[in-house]
Every structure is written in structure tokens, then in C-alpha cells.
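J.: Sending over target.txt (compact mmCIF, C-alpha atoms).
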```txt
# COMPACT_ATOMS: atom_id res chain seq x y z
CA MET Q 13 21.86 140.42 155.61
CA THR Q 14 18.66 138.48 156.17
CA LYS Q 15 17.38 136.48 159.13
CA THR Q 16 18.08 133.36 157.06
CA ASP Q 17 21.70 134.43 156.50
CA ILE Q 18 22.11 134.85 160.24
CA GLU Q 19 20.30 131.68 161.34
CA GLU Q 20 21.09 129.24 158.56
CA GLY Q 21 24.26 130.65 157.02
CA THR Q 22 27.93 129.83 157.34
CA GLU Q 23 29.18 133.41 157.74
CA PHE Q 24 30.00 134.59 161.25
CA PHE Q 25 28.32 137.92 162.03
CA PRO Q 26 28.71 138.26 165.81
CA LYS Q 27 26.07 140.61 167.12
CA PHE Q 28 27.47 142.90 169.78
CA ASP Q 29 24.97 144.65 172.04
CA ALA Q 30 24.47 148.40 172.49
CA THR Q 31 27.57 148.51 174.69
CA GLY Q 32 29.66 146.60 172.12
CA LEU Q 33 29.67 143.29 173.99
CA ILE Q 34 28.67 139.68 173.38
CA ALA Q 35 28.11 137.13 176.17
CA ALA Q 36 30.54 134.20 176.26
CA MET Q 37 30.03 131.14 178.44
CA ALA Q 38 33.23 129.20 179.10
CA ILE Q 39 32.66 125.48 179.54
CA ASP Q 40 35.25 122.84 180.38
CA ALA Q 41 35.61 120.85 177.16
CA ALA Q 42 36.43 117.62 178.96
CA THR Q 43 33.88 117.62 181.79
CA LYS Q 44 31.21 119.91 180.25
CA GLU Q 45 31.21 121.82 183.56
CA PRO Q 46 30.30 125.50 183.03
CA LEU Q 47 33.18 127.60 184.33
CA MET Q 48 32.26 131.27 183.97
CA LEU Q 49 30.17 133.71 182.02
CA ALA Q 50 31.93 136.80 180.75
CA TYR Q 51 31.76 139.23 177.85
CA MET Q 52 33.84 139.95 174.79
CA ASN Q 53 34.10 143.06 172.68
CA GLU Q 54 35.21 142.90 169.07
CA GLU Q 55 38.91 143.20 169.93
CA SER Q 56 38.86 140.52 172.64
CA LEU Q 57 37.00 138.13 170.34
CA ARG Q 58 39.60 138.75 167.63
CA LEU Q 59 42.41 138.13 170.14
CA THR Q 60 40.70 134.95 171.36
CA LEU Q 61 40.61 133.62 167.80
CA GLU Q 62 44.20 134.67 167.08
CA LEU Q 63 45.76 133.39 170.30
CA GLY Q 64 43.60 130.31 170.83
CA GLU Q 65 43.18 131.46 174.44
CA ALA Q 66 40.15 133.13 176.01
CA VAL Q 67 40.39 136.91 176.08
CA TYR Q 68 37.44 138.79 177.58
CA TRP Q 69 36.43 142.38 178.15
CA SER Q 70 36.35 143.24 181.83
CA ARG Q 71 33.23 145.29 182.46
CA SER Q 72 34.38 146.23 185.95
CA ARG Q 73 37.87 147.31 184.92
CA GLN Q 74 36.85 148.44 181.40
CA GLU Q 75 39.84 146.76 179.81
CA ILE Q 76 40.94 143.77 177.77
CA TRP Q 77 41.23 140.77 180.07
CA HIS Q 78 43.48 137.96 178.94
CA LYS Q 79 42.20 135.29 181.30
CA GLY Q 80 45.02 133.65 183.25
CA LYS Q 81 47.65 136.26 182.45
CA THR Q 82 47.97 137.05 186.17
CA SER Q 83 47.06 133.71 187.70
CA GLY Q 84 48.48 131.38 185.08
CA HIS Q 85 44.99 129.93 184.74
CA ILE Q 86 44.86 130.29 180.97
CA GLN Q 87 41.86 128.92 179.08
CA LYS Q 88 42.97 127.17 175.90
CA VAL Q 89 40.23 127.32 173.31
CA VAL Q 90 39.03 123.94 172.11
CA GLU Q 91 35.88 124.99 170.26
CA ILE Q 92 33.73 128.09 169.88
CA ARG Q 93 30.01 127.93 169.17
CA THR Q 94 27.51 130.62 168.40
CA ASP Q 95 23.74 130.55 168.62
CA CYS Q 96 20.89 130.98 166.15
CA ASP Q 97 20.88 134.79 166.20
CA GLN Q 98 24.66 135.01 166.74
CA ASP Q 99 24.43 137.13 169.88
CA ALA Q 100 25.98 134.63 172.29
CA LEU Q 101 29.07 132.42 172.36
CA ILE Q 102 30.12 129.23 174.05
CA ILE Q 103 33.85 128.75 174.48
CA TYR Q 104 34.78 125.16 175.19
CA VAL Q 105 38.14 125.36 176.89
CA GLU Q 106 40.94 123.39 178.44
CA GLN Q 107 41.29 125.13 181.78
CA ILE Q 108 44.95 125.36 182.70
CA GLY Q 109 45.76 125.42 186.41
CA ALA Q 110 43.47 124.80 189.30
CA GLY Q 111 40.37 126.71 188.36
CA ALA Q 112 38.53 129.50 186.60
CA CYS Q 113 37.19 131.50 189.53
CA HIS Q 114 39.05 134.28 191.30
CA THR Q 115 37.55 133.04 194.60
CA GLY Q 116 39.69 129.92 194.34
CA ARG Q 117 37.17 127.52 192.89
CA GLY Q 118 37.17 125.50 189.72
CA SER Q 119 33.96 127.12 188.50
CA CYS Q 120 32.31 130.45 189.28
CA PHE Q 121 28.94 128.65 189.56
CA TYR Q 122 29.58 127.16 193.01
CA ARG Q 123 26.21 128.04 194.53
CA ASN Q 124 22.63 126.94 193.85
CA VAL Q 125 19.57 129.12 194.23
CA VAL Q 126 17.13 127.29 196.49
CA GLY Q 127 13.47 127.56 197.49
CA SER Q 128 10.52 128.76 195.43
CA ASP Q 129 11.09 132.31 196.63
CA GLY Q 130 14.74 131.92 195.63
CA GLY Q 131 16.11 133.94 198.48
CA LYS Q 132 18.82 131.55 199.54
CA LEU Q 133 21.95 129.97 198.17
CA THR Q 134 23.61 126.68 199.02
CA PHE Q 135 27.15 125.75 198.08
CA ASN Q 136 27.36 122.94 195.55
CA SER Q 137 31.11 122.79 195.99
CA THR Q 138 32.77 124.38 198.94
CA ASP Q 139 36.13 122.93 198.10
CA LYS Q 140 38.76 125.48 197.33
CA ALA Q 141 40.58 124.45 194.19
CA PHE Q 142 43.41 126.82 195.01
CA ASP Q 143 44.26 129.58 197.45
CA PRO Q 144 43.34 132.85 195.71
CA GLU Q 145 45.67 134.92 197.87
CA ALA Q 146 48.63 132.77 196.92
CA VAL Q 147 47.79 133.11 193.24
CA TYR Q 148 46.56 136.67 192.92
CA GLY Q 149 48.10 138.21 196.04
CA LYS Q 150 46.16 140.28 198.55
CA HIS Q 151 44.01 143.01 197.01
CA MET F 22 26.32 144.45 201.39
CA THR F 23 29.99 143.62 201.02
CA LYS F 24 31.93 141.76 198.34
CA THR F 25 32.26 138.90 200.83
CA ASP F 26 28.47 138.79 201.32
CA ILE F 27 28.04 138.52 197.57
CA GLU F 28 30.80 136.03 196.87
CA GLU F 29 30.81 133.88 199.99
CA GLY F 30 27.33 134.35 201.40
CA THR F 31 24.13 132.34 201.28
CA GLU F 32 21.78 135.20 200.42
CA PHE F 33 20.71 135.55 196.80
CA PHE F 34 21.22 139.10 195.53
CA PRO F 35 20.83 138.77 191.74
CA LYS F 36 22.57 141.66 190.06
CA PHE F 37 20.57 142.97 187.14
CA ASP F 38 22.39 145.12 184.60
CA ALA F 39 21.64 148.72 183.62
CA THR F 40 18.72 147.48 181.50
CA GLY F 41 17.33 145.38 184.36
CA LEU F 42 18.45 142.02 182.98
CA ILE F 43 20.57 139.06 184.05
CA ALA F 44 22.00 136.48 181.63
CA ALA F 45 20.67 132.93 182.00
CA MET F 46 22.21 129.94 180.24
CA ALA F 47 19.85 126.98 179.94
CA ILE F 48 21.63 123.63 180.00
CA ASP F 49 20.08 120.19 179.61
CA ALA F 50 20.33 118.68 183.08
CA ALA F 51 20.65 115.13 181.76
CA THR F 52 23.11 115.57 178.89
CA LYS F 53 24.85 118.81 180.04
CA GLU F 54 24.31 120.14 176.50
CA PRO F 55 23.95 123.95 176.50
CA LEU F 56 20.57 124.78 174.97
CA MET F 57 20.20 128.56 174.82
CA LEU F 58 21.34 131.80 176.35
CA ALA F 59 18.61 134.27 177.22
CA TYR F 60 17.91 137.00 179.75
CA MET F 61 15.63 137.42 182.74
CA ASN F 62 14.32 140.52 184.39
CA GLU F 63 13.24 140.52 188.02
CA GLU F 64 9.67 139.46 187.21
CA SER F 65 10.67 136.60 184.91
CA LEU F 66 13.16 135.31 187.48
CA ARG F 67 10.43 135.40 190.13
CA LEU F 68 8.04 133.54 187.80
CA THR F 69 10.74 130.96 186.98
CA LEU F 70 11.17 130.26 190.69
CA GLU F 71 7.42 130.15 191.36
CA LEU F 72 6.44 127.98 188.38
CA GLY F 73 9.51 125.76 188.24
CA GLU F 74 9.61 126.46 184.49
CA ALA F 75 11.96 128.80 182.62
CA VAL F 76 10.49 132.25 182.04
CA TYR F 77 12.69 134.76 180.22
CA TRP F 78 12.47 138.38 179.14
CA SER F 79 12.34 138.68 175.37
CA ARG F 80 14.62 141.55 174.38
CA SER F 81 13.31 141.56 170.81
CA ARG F 82 9.64 141.56 171.78
CA GLN F 83 10.15 143.43 175.08
CA GLU F 84 7.83 141.10 176.97
CA ILE F 85 7.74 138.24 179.43
CA TRP F 86 8.51 135.02 177.57
CA HIS F 87 7.29 131.81 179.15
CA LYS F 88 9.43 129.41 177.14
CA GLY F 89 7.34 126.68 175.50
CA LYS F 90 3.99 128.36 176.00
CA THR F 91 3.49 128.48 172.21
CA SER F 92 5.50 125.44 171.13
CA GLY F 93 4.86 123.16 174.09
CA HIS F 94 8.63 123.00 174.54
CA ILE F 95 8.56 123.90 178.22
CA GLN F 96 11.80 123.88 180.21
CA LYS F 97 11.26 122.32 183.63
CA VAL F 98 13.73 123.72 186.10
CA VAL F 99 15.96 121.12 187.74
CA GLU F 100 18.54 123.40 189.35
CA ILE F 101 19.53 127.05 189.25
CA ARG F 102 23.08 128.22 189.87
CA THR F 103 24.54 131.67 190.19
CA ASP F 104 28.13 132.81 189.91
CA CYS F 105 30.61 134.50 192.21
CA ASP F 106 29.38 138.06 191.64
CA GLN F 107 25.76 136.95 191.17
CA ASP F 108 25.35 138.57 187.76
CA ALA F 109 24.75 135.39 185.75
CA LEU F 110 22.56 132.31 186.08
CA ILE F 111 22.67 128.73 184.85
CA ILE F 112 19.32 127.00 184.60
CA TYR F 113 19.64 123.25 184.41
CA VAL F 114 16.43 122.10 182.77
CA GLU F 115 14.49 119.12 181.59
CA GLN F 116 13.66 120.17 178.04
CA ILE F 117 10.13 119.03 177.20
CA GLY F 118 9.42 118.31 173.52
CA ALA F 119 11.86 118.09 170.68
CA GLY F 120 14.15 121.03 171.28
CA ALA F 121 14.92 124.48 172.61
CA CYS F 122 15.59 126.39 169.39
CA HIS F 123 12.97 128.12 167.29
CA THR F 124 14.86 126.98 164.15
CA GLY F 125 13.88 123.41 164.89
CA ARG F 126 17.01 122.21 166.61
CA GLY F 127 17.61 120.75 170.02
CA SER F 128 20.07 123.50 170.94
CA CYS F 129 20.55 127.04 169.66
CA PHE F 130 24.32 126.43 169.55
CA TYR F 131 24.30 124.35 166.36
CA ARG F 132 27.24 126.08 164.66
CA ASN F 133 30.95 126.33 165.39
CA VAL F 134 33.15 129.32 164.65
CA VAL F 135 36.10 128.09 162.59
CA GLY F 136 39.48 129.43 161.49
CA SER F 137 41.81 131.79 163.30
CA ASP F 138 40.14 134.76 161.62
CA GLY F 139 36.79 133.35 162.77
CA GLY F 140 34.91 134.37 159.68
CA LYS F 141 33.17 131.09 159.03
CA LEU F 142 30.69 128.78 160.70
CA THR F 143 30.23 125.05 160.35
CA PHE F 144 27.17 123.14 161.49
CA ASN F 145 27.84 120.82 164.37
CA SER F 146 24.37 119.37 164.05
CA THR F 147 22.32 119.94 160.96
CA ASP F 148 19.61 117.58 162.05
CA LYS F 149 16.28 119.17 162.52
CA ALA F 150 14.82 118.03 165.81
CA PHE F 151 11.37 119.20 164.74
CA ASP F 152 9.68 121.16 161.97
CA PRO F 153 9.43 124.75 163.22
CA GLU F 154 6.59 125.61 160.85
CA ALA F 155 4.49 122.75 162.16
CA VAL F 156 5.10 123.84 165.74
CA TYR F 157 5.04 127.65 165.52
CA GLY F 158 3.17 128.14 162.24
CA LYS F 159 4.36 130.32 159.41
CA HIS F 160 5.44 133.79 160.46
```
So, in terms of C-alpha cells, how does the structure I just supplied come out?
T.:
Amino acid sequence: MTKTDIEEGTEFFPKFDATGLIAAMAIDAATKEPLMLAYMNEESLRLTLELGEAVYWSRSRQEIWHKGKTSGHIQKVVEIRTDCDQDALIIYVEQIGAGACHTGRGSCFYRNVVGSDGGKLTFNSTDKAFDPEAVYGKH
Amino acid sequence: MTKTDIEEGTEFFPKFDATGLIAAMAIDAATKEPLMLAYMNEESLRLTLELGEAVYWSRSRQEIWHKGKTSGHIQKVVEIRTDCDQDALIIYVEQIGAGACHTGRGSCFYRNVVGSDGGKLTFNSTDKAFDPEAVYGKH
């Protein structure tokens, strides 16, 4: 498999990293708003393709993570893209329910890094899309 | 530092992984088109904030990578976002020059994964934004 096969070919050779993962950025297909960045292993990528719903690998829990299975906030896959060296994915999704983030927001990227020393954050959307305790329960 | 500090606070505590890196998705600030996914280490993130231009860590070359220094295709930083657990970044940029990808395209995400078995790719934009050999030279 040559560099040309990978960069210019029409065969999908996802390149998992040393820990068996590939980065996947979920983006709202309708609004183009980035929702979350997570990781997939080979099994979760296969399940994503089979089910047409985003399935990640939870690095914190070390388990397959079918997004929305608990909350109902399923991500229906609209389109999947890969990049030149096939080591990253974009998943354009239809986000079911109020939002992607477990904190109760539509997107996980609700804060901006500000200042040239970058020490501070400001909220770009402080609106709660849903009440996380009502959806996930106290934990 | 508590989970609440990280998720609901206004202090920036970027969480680098075991290899000292954080994922950074560059998105065109004007069109919202995702351009590339790369990684930053602490130094490249600091340089990005200082210069107002995207500086990554090249995993293949194992060196600081000031994007556009060779090609002229600088990425001027418009806005930086981080996510709930502060282990990912979005860099909204003004892409200077013809494109972000070393293959000569505007975006690195020029192919879609197709079919439920996901074995194939189709080009979503086969247009060359620029001639990579003219910009980078033969290598």
C-alpha cells in the first residue's frame, strides 16, 4: 500500500493509532456546528457503518459507547469523511434530541480560549439545551 | 481541580494525552468547512496563541510545524474553542492561499466513506485547489 493509494485512492484504509483509535469529529449536518470530538476503535467504526448511528470508543470507560443509548440523543449518520492520510474522520450527523454534550449543551465546544496567553475561557453559549440530571440522572 | 472546574469554569486547563498532544480541528471561519485535523503539544499551542497563526506538532516528523511556513498557506487564527473536558480544540481560521491540504486541495477531507461495510471512498471534491509540486517542490 503506497502513499498514493492512501491519499489518492478509493479504498478505505482507516489508520488507527498505537492505542487502536482514530479521531472522529461529529458535526451537525444541517448547521455545520461542530458537536464533539471522540474516538473510534475498529469495532465501533464497524458498528457506526452498520447501524448508521455514531458509535464511539469511550477512553474513560474503556468500552463501546453507542452515543445516545442512555440519553436518547442518538446521532444519525448523514455522511462520513476521511482525510488525506486516513487517520481522522468527520461524521456529519443528524443530532436527535436536545444536544450532544453530557453537560446539557447542544455542542461540547461551548467555550472559547481567550487572550494571547490563552489562560482564560469565555462561554460562547451558556444556554442549557437540556437538563443533564433529568436525562442522565444524578451520578 | 474538580470536574466542575474543568467543565463549567473559565480557566483553560488543556488536557494533553499520554504522548503530550491535544487534537485540534481547523475549520474555515467563513465557510465552516473543516480543513484538517492535527495535533498540538504544549509549545505549539503556546506559539499558536502568541502568533495568532496555527502551529501544530508534526507526529510524522516529530517537530514543531508552523502551518504555511513552507507553502505560504498560513492559517490565521480567528477563534479557538475547547470542549467540555478540555481535551480537544477547534481552531477557526482564515486560510491564507489556495488550501490547507498538502495534496493540493482546499480541505484534507476530500473523500467520503461509502457503503455500510465502509470499504470504499468517493471524492467529494476532486478539484485541485493548487499544484502541490509548484508550491512544495518535488519530494
J.: Could you tell me, as a PyMOL selection string, which residues have any atom at most 7 Å from (18.8, 138.0, 200.7), counting only C-alpha atoms?
T.: (chain Q and resi 131-132) or (chain F and resi 32-34)
J.: Show me, as an NGL selection string, the residues that have an atom within 10 Å of Ser137 (chain Q) when counting all atoms listed in the file, minus same-chain residues fewer than 5 positions from it.
T.: :Q and (117-119 or 121-124)
J.: What residues in chain F lie within 9 Å of chain Q, counting all atoms listed in the file, written as a count of residues only?
T.: 54
J.: How many Å lie between CA of Tyr51 (chain Q) and CA of Glu115 (chain F), rounded to one decimal?
T.: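 Answer for the CA of Tyr51 (chain Q) to CA of Glu115 (chain F) separation: 26.8 Å.
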J.: Of the candidates F:Thr23, F:Asp49, F:Ser65, F:Ile117, which one gets nearest to Phe37 (chain F) if we count all atoms listed in the file?
T.: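 Smallest distance to Phe37 (chain F) is found for F:Ser65.
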J.: If I take CA of Gly116 (chain Q) and CA of Ile86 (chain Q), how far is one from the other in Å, to one decimal?
T.: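 Interatomic distance here is 14.3 Å.
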J.: Which value, in Å to one decimal, gives the distance between CA of Asp29 (chain Q) and CA of Leu42 (chain F)?
T.: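 These atoms are spaced 13.0 Å apart.
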J.: Within 12 Å of region 80-82 of chain Q, counting only C-alpha atoms, which residues qualify if same-chain residues fewer than 3 places away don't, as an mmCIF file with C-alpha atoms, keeping the file's coordinate frame?
T.:
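To be explicit, this is the file written out as selection21.cif:
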```
data_model
loop_
_atom_site.group_PDB
_atom_site.id
_atom_site.type_symbol
_atom_site.label_atom_id
_atom_site.label_comp_id
_atom_site.auth_asym_id
_atom_site.auth_seq_id
_atom_site.Cartn_x
_atom_site.Cartn_y
_atom_site.Cartn_z
ATOM 1 C CA GLU Q 65 43.180 131.460 174.440
ATOM 2 C CA ALA Q 66 40.150 133.130 176.010
ATOM 3 C CA VAL Q 67 40.390 136.910 176.080
ATOM 4 C CA TYR Q 68 37.440 138.790 177.580
ATOM 5 C CA ILE Q 76 40.940 143.770 177.770
ATOM 6 C CA TRP Q 77 41.230 140.770 180.070
ATOM 7 C CA HIS Q 85 44.990 129.930 184.740
ATOM 8 C CA ILE Q 86 44.860 130.290 180.970
ATOM 9 C CA GLN Q 87 41.860 128.920 179.080
ATOM 10 C CA LYS Q 88 42.970 127.170 175.900
ATOM 11 C CA GLN Q 107 41.290 125.130 181.780
ATOM 12 C CA ILE Q 108 44.950 125.360 182.700
ATOM 13 C CA GLY Q 109 45.760 125.420 186.410
ATOM 14 C CA ALA Q 110 43.470 124.800 189.300
ATOM 15 C CA GLY Q 111 40.370 126.710 188.360
ATOM 16 C CA ALA Q 112 38.530 129.500 186.600
ATOM 17 C CA CYS Q 113 37.190 131.500 189.530
ATOM 18 C CA HIS Q 114 39.050 134.280 191.300
ATOM 19 C CA PRO Q 144 43.340 132.850 195.710
ATOM 20 C CA ALA Q 146 48.630 132.770 196.920
ATOM 21 C CA VAL Q 147 47.790 133.110 193.240
ATOM 22 C CA TYR Q 148 46.560 136.670 192.920
ATOM 23 C CA GLY Q 149 48.100 138.210 196.040
#
```
J.: Could you pull region 95-108 of chain F out of the block above and save it with all heavy atoms, as a JSON list (two decimals), in the first residue's frame?
T.:
```json
[["chain", "number", "residue", "atom", "x", "y", "z"],
["F", 95, "ILE", "N", -0.59, 29.96, 5.32],
["F", 95, "ILE", "CA", -0.75, 30.25, 6.76],
["F", 95, "ILE", "C", -2.22, 30.15, 7.16],
["F", 95, "ILE", "O", -3.10, 30.42, 6.35],
["F", 95, "ILE", "CB", -0.23, 31.69, 7.02],
["F", 95, "ILE", "CG1", 1.30, 31.77, 6.79],
["F", 95, "ILE", "CG2", -0.63, 32.22, 8.38],
["F", 95, "ILE", "CD1", 2.15, 31.25, 7.89],
["F", 96, "GLN", "N", -2.46, 29.74, 8.40],
["F", 96, "GLN", "CA", -3.82, 29.76, 8.94],
["F", 96, "GLN", "C", -3.90, 30.81, 10.04],
["F", 96, "GLN", "O", -3.36, 30.62, 11.13],
["F", 96, "GLN", "CB", -4.18, 28.38, 9.50],
["F", 96, "GLN", "CG", -4.25, 27.31, 8.42],
["F", 96, "GLN", "CD", -4.59, 25.94, 8.95],
["F", 96, "GLN", "OE1", -4.24, 25.60, 10.08],
["F", 96, "GLN", "NE2", -5.25, 25.13, 8.14],
["F", 97, "LYS", "N", -4.55, 31.92, 9.74],
["F", 97, "LYS", "CA", -4.71, 32.98, 10.75],
["F", 97, "LYS", "C", -5.83, 32.59, 11.70],
["F", 97, "LYS", "O", -6.93, 32.26, 11.26],
["F", 97, "LYS", "CB", -5.02, 34.31, 10.09],
["F", 97, "LYS", "CG", -3.82, 34.90, 9.35],
["F", 97, "LYS", "CD", -4.02, 36.37, 9.03],
["F", 97, "LYS", "CE", -2.80, 36.95, 8.34],
["F", 97, "LYS", "NZ", -1.66, 37.15, 9.29],
["F", 98, "VAL", "N", -5.52, 32.64, 12.98],
["F", 98, "VAL", "CA", -6.49, 32.20, 13.99],
["F", 98, "VAL", "C", -7.57, 33.26, 14.18],
["F", 98, "VAL", "O", -7.28, 34.42, 14.44],
["F", 98, "VAL", "CB", -5.79, 31.93, 15.33],
["F", 98, "VAL", "CG1", -6.81, 31.59, 16.41],
["F", 98, "VAL", "CG2", -4.76, 30.82, 15.18],
["F", 99, "VAL", "N", -8.81, 32.84, 14.03],
["F", 99, "VAL", "CA", -9.95, 33.72, 14.26],
["F", 99, "VAL", "C", -10.53, 33.47, 15.65],
["F", 99, "VAL", "O", -10.88, 34.40, 16.37],
["F", 99, "VAL", "CB", -11.02, 33.51, 13.17],
["F", 99, "VAL", "CG1", -12.28, 34.32, 13.45],
["F", 99, "VAL", "CG2", -10.45, 33.86, 11.79],
["F", 100, "GLU", "N", -10.60, 32.20, 16.03],
["F", 100, "GLU", "CA", -11.24, 31.84, 17.30],
["F", 100, "GLU", "C", -10.78, 30.44, 17.67],
["F", 100, "GLU", "O", -10.60, 29.59, 16.80],
["F", 100, "GLU", "CB", -12.76, 31.84, 17.08],
["F", 100, "GLU", "CG", -13.60, 31.68, 18.31],
["F", 100, "GLU", "CD", -15.10, 31.76, 17.97],
["F", 100, "GLU", "OE1", -15.53, 32.69, 17.27],
["F", 100, "GLU", "OE2", -15.85, 30.84, 18.38],
["F", 101, "ILE", "N", -10.56, 30.21, 18.95],
["F", 101, "ILE", "CA", -10.21, 28.88, 19.43],
["F", 101, "ILE", "C", -11.27, 28.45, 20.44],
["F", 101, "ILE", "O", -11.64, 29.22, 21.32],
["F", 101, "ILE", "CB", -8.82, 28.86, 20.11],
["F", 101, "ILE", "CG1", -7.74, 29.31, 19.11],
["F", 101, "ILE", "CG2", -8.50, 27.47, 20.66],
["F", 101, "ILE", "CD1", -6.34, 29.34, 19.69],
["F", 102, "ARG", "N", -11.75, 27.22, 20.27],
["F", 102, "ARG", "CA", -12.72, 26.68, 21.22],
["F", 102, "ARG", "C", -12.16, 25.42, 21.86],
["F", 102, "ARG", "O", -11.36, 24.70, 21.24],
["F", 102, "ARG", "CB", -14.03, 26.32, 20.51],
["F", 102, "ARG", "CG", -14.74, 27.54, 19.95],
["F", 102, "ARG", "CD", -16.12, 27.19, 19.44],
["F", 102, "ARG", "NE", -16.73, 28.37, 18.83],
["F", 102, "ARG", "CZ", -17.94, 28.42, 18.31],
["F", 102, "ARG", "NH1", -18.70, 27.33, 18.31],
["F", 102, "ARG", "NH2", -18.41, 29.52, 17.78],
["F", 103, "THR", "N", -12.58, 25.15, 23.07],
["F", 103, "THR", "CA", -12.25, 23.86, 23.67],
["F", 103, "THR", "C", -13.54, 23.18, 24.11],
["F", 103, "THR", "O", -14.60, 23.80, 24.14],
["F", 103, "THR", "CB", -11.25, 24.00, 24.83],
["F", 103, "THR", "OG1", -10.76, 22.69, 25.17],
["F", 103, "THR", "CG2", -11.89, 24.64, 26.06],
["F", 104, "ASP", "N", -13.44, 21.91, 24.42],
["F", 104, "ASP", "CA", -14.67, 21.16, 24.72],
["F", 104, "ASP", "C", -14.83, 20.92, 26.22],
["F", 104, "ASP", "O", -14.02, 21.39, 27.03],
["F", 104, "ASP", "CB", -14.72, 19.86, 23.91],
["F", 104, "ASP", "CG", -13.66, 18.85, 24.31],
["F", 104, "ASP", "OD1", -12.71, 19.23, 25.04],
["F", 104, "ASP", "OD2", -13.76, 17.68, 23.90],
["F", 105, "CYS", "N", -15.89, 20.23, 26.57],
["F", 105, "CYS", "CA", -16.28, 20.09, 27.97],
["F", 105, "CYS", "C", -15.13, 19.60, 28.86],
["F", 105, "CYS", "O", -14.87, 20.18, 29.91],
["F", 105, "CYS", "CB", -17.49, 19.17, 28.11],
["F", 105, "CYS", "SG", -17.44, 17.68, 27.10],
["F", 106, "ASP", "N", -14.43, 18.56, 28.42],
["F", 106, "ASP", "CA", -13.34, 18.05, 29.27],
["F", 106, "ASP", "C", -11.97, 18.60, 28.87],
["F", 106, "ASP", "O", -10.94, 18.15, 29.39],
["F", 106, "ASP", "CB", -13.35, 16.51, 29.34],
["F", 106, "ASP", "CG", -13.40, 15.87, 27.98],
["F", 106, "ASP", "OD1", -13.38, 16.60, 26.97],
["F", 106, "ASP", "OD2", -13.45, 14.63, 27.91],
["F", 107, "GLN", "N", -11.97, 19.59, 27.99],
["F", 107, "GLN", "CA", -10.76, 20.33, 27.62],
["F", 107, "GLN", "C", -9.66, 19.43, 27.06],
["F", 107, "GLN", "O", -8.47, 19.68, 27.29],
["F", 107, "GLN", "CB", -10.25, 21.16, 28.81],
["F", 107, "GLN", "CG", -11.27, 22.16, 29.33],
["F", 107, "GLN", "CD", -10.65, 23.31, 30.12],
["F", 107, "GLN", "OE1", -9.53, 23.73, 29.87],
["F", 107, "GLN", "NE2", -11.37, 23.83, 31.09],
["F", 108, "ASP", "N", -10.06, 18.39, 26.32],
["F", 108, "ASP", "CA", -9.05, 17.55, 25.68],
["F", 108, "ASP", "C", -9.13, 17.60, 24.16],
["F", 108, "ASP", "O", -8.61, 16.70, 23.47],
["F", 108, "ASP", "CB", -9.09, 16.11, 26.20],
["F", 108, "ASP", "CG", -10.36, 15.38, 25.78],
["F", 108, "ASP", "OD1", -11.25, 16.02, 25.19],
["F", 108, "ASP", "OD2", -10.45, 14.17, 26.04]]
```
